[in-house]
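Following: one structure in structure tokens, then a few remarks.
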Amino acid sequence: MEKYRHIVIEGPIGVGKTSLAQRLAEHLNAGLLLEHPEENPFLLRFYQEMERYALPTQLFFLFQRFNQLRELAQIDLFSKVTVADFLLDKDPLFARLTLNDDELHLYQQIYATLSPQAPRPDLVIYLQAETETLVERVKRRGVEFERPISESYLAMVADGYNRFFYHYTGTPVLIVNSERLNFVERPADFELLMERVVGMRGQREFFNLGE
């Protein structure tokens with residue numbers, strides 16, 4: 001694991017990226033960098049009225065993510081391993097899903113200014129799951145601001161992630177089918193994942209249980 005100083009866990013809403021990031025940071029005695037969606041004052045209203053609140057919601061998240069990464073770089077990213085549950089490069093996929101043309105143009109101008117200043121990770125672990133699984137997991141965790149999320153929106157987000165990572169070449173990516181895996185409650189699953197991470201040789205590899 002010595003070559004991985006900045007590891008990102010990514011995936012759609014409800015896939016379990018934060019739980020895995022916490023578990024991995026504990027395992028590696030690493031720093032932990034988490035998104036804080038509960039701090040976004042527009043998020044609940046966005047899920048209720050997406051068209052009206054898409055732009056302020058998106059811009060808040062963009063600045064929040066960028067500021068977290070900038071602070072990380074300022075304290076010397078390489079002094080300690082860091083595990084994060086977000087990748088700044090994926091931010092535009094939400095913008096393309098929710099913003100109208102004029103809003104998207106404004107967003108892209110701001111993103112183009114900020115993104116080159118953010119440090120890139122050494123490895124991305126991308127968690128996949130079926131829409132039905134995401135819906136069940138979101139309902140199970142019972143976060144108040146997530147209650148209005150529709151199944152159609154989760155399906156759209158999951159498809160957006162698949163399209164994004166199909167083309168993504170920024171860093172090495174381990175694509176993980178998380179349908180039958182539980183990295184927090186089943187230590188054997190977590191150990192299998194670690195074996196795949198340590199054994200990575202290419203820029204893109206896949207992990208399905210049983211392979």
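Residue numbering restarts at 1 in every chain; chains get A, B, ... in the order shown in the structure tokens, and ligands count up from 1 in that same order.
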
As a PDB file with C-alpha atoms, in the first residue's frame, please: the residues near A:Val197 (cut-off 8 Å, only C-alpha atoms, same-chain neighbours under 4 positions excluded).
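Heads up, here's the output in result-v6.pdb:
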ATOM      1  CA  MET A   1       0.000   0.000   0.000  1.00  0.00           C
ATOM      2  CA  LEU A 174     -10.553  -0.509  -8.933  1.00  0.00           C
ATOM      3  CA  LEU A 193     -10.719  -6.079  -1.159  1.00  0.00           C
TER       4      LEU A 193
END

From stretch 10-132 of chain A, collect each residue whose DSSP state is strand (DSSP E) and return the set as number ranges by chain.
A: 10, 31-33, 82-84, 123-128

Within stretch 6-157 of chain A, find each residue whose DSSP state, derived from the backbone, is helix (DSSP H, G or I), and express the selection as number ranges by chain.
A: 17-28, 37-39, 43-48, 50-74, 77-79, 88-98, 101-117, 131-141, 144-146, 151-157

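Interatomic distance, atom CA of A:Phe86 against atom CA of A:Glu10: 5.7 Å.
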
Non-local contacts of A:Phe61 (12 Å; only C-alpha atoms; under 6 positions in same chain excluded) as a list of chain:residue names:
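My list of contacting residues is A:Glu35, A:His36, A:Pro37, A:Glu38, A:Glu39, A:Asn40, A:Pro41, A:Phe42, A:Leu43, A:Ala54, A:Leu55, A:Asn67, A:Gln68, A:Phe86, A:Leu87, A:Leu88, A:Lys90, A:Asp91, A:Pro92, A:Phe94, A:Ala95, A:Tyr107, A:Tyr111.
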
With N, CA and C atoms retained, export the selected residues as a PDB file, in the first residue's frame.
ATOM      1  N   GLU A  35     -17.080  13.977   2.883  1.00  0.00           N
ATOM      2  CA  GLU A  35     -18.064  14.981   2.508  1.00  0.00           C
ATOM      3  C   GLU A  35     -19.000  15.235   3.684  1.00  0.00           C
ATOM      4  N   HIS A  36     -19.591  16.414   3.704  1.00  0.00           N
ATOM      5  CA  HIS A  36     -20.561  16.744   4.744  1.00  0.00           C
ATOM      6  C   HIS A  36     -21.837  17.263   4.079  1.00  0.00           C
ATOM      7  N   PRO A  37     -22.618  16.381   3.477  1.00  0.00           N
ATOM      8  CA  PRO A  37     -23.827  16.840   2.789  1.00  0.00           C
ATOM      9  C   PRO A  37     -24.827  17.518   3.712  1.00  0.00           C
ATOM     10  N   GLU A  38     -24.792  17.152   4.986  1.00  0.00           N
ATOM     11  CA  GLU A  38     -25.734  17.758   5.932  1.00  0.00           C
ATOM     12  C   GLU A  38     -25.469  19.247   6.122  1.00  0.00           C
ATOM     13  N   GLU A  39     -24.298  19.736   5.713  1.00  0.00           N
ATOM     14  CA  GLU A  39     -23.965  21.146   5.839  1.00  0.00           C
ATOM     15  C   GLU A  39     -24.482  21.977   4.664  1.00  0.00           C
ATOM     16  N   ASN A  40     -24.948  21.310   3.621  1.00  0.00           N
ATOM     17  CA  ASN A  40     -25.448  22.037   2.451  1.00  0.00           C
ATOM     18  C   ASN A  40     -26.860  22.536   2.730  1.00  0.00           C
ATOM     19  N   PRO A  41     -27.058  23.843   2.860  1.00  0.00           N
ATOM     20  CA  PRO A  41     -28.378  24.368   3.251  1.00  0.00           C
ATOM     21  C   PRO A  41     -29.435  24.231   2.158  1.00  0.00           C
ATOM     22  N   PHE A  42     -29.007  23.891   0.938  1.00  0.00           N
ATOM     23  CA  PHE A  42     -29.948  23.791  -0.180  1.00  0.00           C
ATOM     24  C   PHE A  42     -30.376  22.353  -0.472  1.00  0.00           C
ATOM     25  N   LEU A  43     -29.745  21.369   0.162  1.00  0.00           N
ATOM     26  CA  LEU A  43     -29.896  19.989  -0.290  1.00  0.00           C
ATOM     27  C   LEU A  43     -31.309  19.449  -0.126  1.00  0.00           C
ATOM     28  N   ALA A  54     -31.124  23.386  -8.064  1.00  0.00           N
ATOM     29  CA  ALA A  54     -29.983  22.616  -8.557  1.00  0.00           C
ATOM     30  C   ALA A  54     -28.688  23.426  -8.541  1.00  0.00           C
ATOM     31  N   LEU A  55     -28.735  24.666  -9.020  1.00  0.00           N
ATOM     32  CA  LEU A  55     -27.495  25.441  -9.123  1.00  0.00           C
ATOM     33  C   LEU A  55     -26.880  25.779  -7.766  1.00  0.00           C
ATOM     34  N   ASN A  67     -12.494  23.306  -1.141  1.00  0.00           N
ATOM     35  CA  ASN A  67     -11.860  23.848   0.055  1.00  0.00           C
ATOM     36  C   ASN A  67     -11.279  22.748   0.934  1.00  0.00           C
ATOM     37  N   GLN A  68     -11.974  21.624   1.031  1.00  0.00           N
ATOM     38  CA  GLN A  68     -11.438  20.503   1.812  1.00  0.00           C
ATOM     39  C   GLN A  68     -10.133  19.999   1.205  1.00  0.00           C
ATOM     40  N   PHE A  86     -14.832  11.217  -1.596  1.00  0.00           N
ATOM     41  CA  PHE A  86     -15.274  11.979  -2.764  1.00  0.00           C
ATOM     42  C   PHE A  86     -14.099  12.267  -3.678  1.00  0.00           C
ATOM     43  N   LEU A  87     -14.415  12.366  -4.960  1.00  0.00           N
ATOM     44  CA  LEU A  87     -13.462  12.696  -6.015  1.00  0.00           C
ATOM     45  C   LEU A  87     -13.951  13.971  -6.682  1.00  0.00           C
ATOM     46  N   LEU A  88     -13.143  15.012  -6.667  1.00  0.00           N
ATOM     47  CA  LEU A  88     -13.586  16.277  -7.246  1.00  0.00           C
ATOM     48  C   LEU A  88     -13.916  16.131  -8.734  1.00  0.00           C
ATOM     49  N   LYS A  90     -15.528  14.013 -10.245  1.00  0.00           N
ATOM     50  CA  LYS A  90     -16.877  13.530 -10.538  1.00  0.00           C
ATOM     51  C   LYS A  90     -17.934  14.620 -10.346  1.00  0.00           C
ATOM     52  N   ASP A  91     -17.545  15.753  -9.789  1.00  0.00           N
ATOM     53  CA  ASP A  91     -18.519  16.801  -9.491  1.00  0.00           C
ATOM     54  C   ASP A  91     -19.353  17.208 -10.711  1.00  0.00           C
ATOM     55  N   PRO A  92     -18.747  17.337 -11.896  1.00  0.00           N
ATOM     56  CA  PRO A  92     -19.543  17.758 -13.055  1.00  0.00           C
ATOM     57  C   PRO A  92     -20.628  16.784 -13.474  1.00  0.00           C
ATOM     58  N   PHE A  94     -22.924  15.421 -11.677  1.00  0.00           N
ATOM     59  CA  PHE A  94     -24.172  15.878 -11.069  1.00  0.00           C
ATOM     60  C   PHE A  94     -24.667  17.150 -11.739  1.00  0.00           C
ATOM     61  N   ALA A  95     -23.726  18.027 -12.105  1.00  0.00           N
ATOM     62  CA  ALA A  95     -24.118  19.263 -12.785  1.00  0.00           C
ATOM     63  C   ALA A  95     -24.798  18.960 -14.107  1.00  0.00           C
ATOM     64  N   TYR A 107     -21.468  26.996 -14.260  1.00  0.00           N
ATOM     65  CA  TYR A 107     -20.802  26.007 -13.407  1.00  0.00           C
ATOM     66  C   TYR A 107     -19.473  25.568 -14.018  1.00  0.00           C
ATOM     67  N   TYR A 111     -15.813  25.582 -12.317  1.00  0.00           N
ATOM     68  CA  TYR A 111     -15.108  24.317 -12.133  1.00  0.00           C
ATOM     69  C   TYR A 111     -13.746  24.332 -12.829  1.00  0.00           C
TER      70      TYR A 111
END

Test item: residues at most 10 Å from A:Phe183, only C-alpha atoms, excluding those fewer than 5 positions along its chain, as a ChimeraX atom specification
/A:16,19-21,23-24,178,188-193

My list of candidates is A:Ile13, A:Ala25, A:Ile110, A:Leu69. Which is closest to A:Met156 when distances are computed with only C-alpha atoms?
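Under the stated criterion, the closest residue is A:Ile13.
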
Give me, please, the distance in Å between atom CA of A:Gln117 and atom CA of A:Tyr161, quoted to one decimal.
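Here the two named atoms are 23.0 Å from each other.
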
With only C-alpha atoms as the basis for distance, which of A:Phe145, A:Phe207, A:Tyr53, A:Phe165 is at the shortest distance from A:Thr98?
A:Tyr53

Residues near A:Val124, anyone? I mean within 9 Å using only C-alpha atoms, not counting same-chain ones fewer than 5 positions away, as a PDB file with C-alpha atoms, in the first residue's frame.
ATOM      1  CA  HIS A   6      -4.315   9.513  -1.272  1.00  0.00           C
ATOM      2  CA  ILE A   7      -7.113   6.976  -1.748  1.00  0.00           C
ATOM      3  CA  VAL A   8     -10.648   7.874  -2.774  1.00  0.00           C
ATOM      4  CA  ILE A   9     -13.786   5.757  -2.347  1.00  0.00           C
ATOM      5  CA  GLU A  10     -16.481   6.753  -4.831  1.00  0.00           C
ATOM      6  CA  LEU A  87     -13.462  12.696  -6.015  1.00  0.00           C
ATOM      7  CA  THR A 171      -5.911   7.755 -11.826  1.00  0.00           C
ATOM      8  CA  PRO A 172      -5.872   3.963 -11.359  1.00  0.00           C
ATOM      9  CA  VAL A 173      -9.398   2.674 -10.644  1.00  0.00           C
ATOM     10  CA  LEU A 174     -10.553  -0.509  -8.933  1.00  0.00           C
ATOM     11  CA  ILE A 175     -14.197  -1.075  -9.916  1.00  0.00           C
TER      12      ILE A 175
END

For a quick check of understanding, using only C-alpha atoms, which of A:Ala112, A:Gly202, A:Ile149, A:Val157 has the smallest distance to A:Glu49?
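Result for the nearest residue to A:Glu49: A:Ile149.
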
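Distance annotation: of A:Asn208, A:Thr169, A:Thr18, A:Asn182, the residue with the minimal separation from A:Arg120 is A:Thr169; atom set is only C-alpha atoms.
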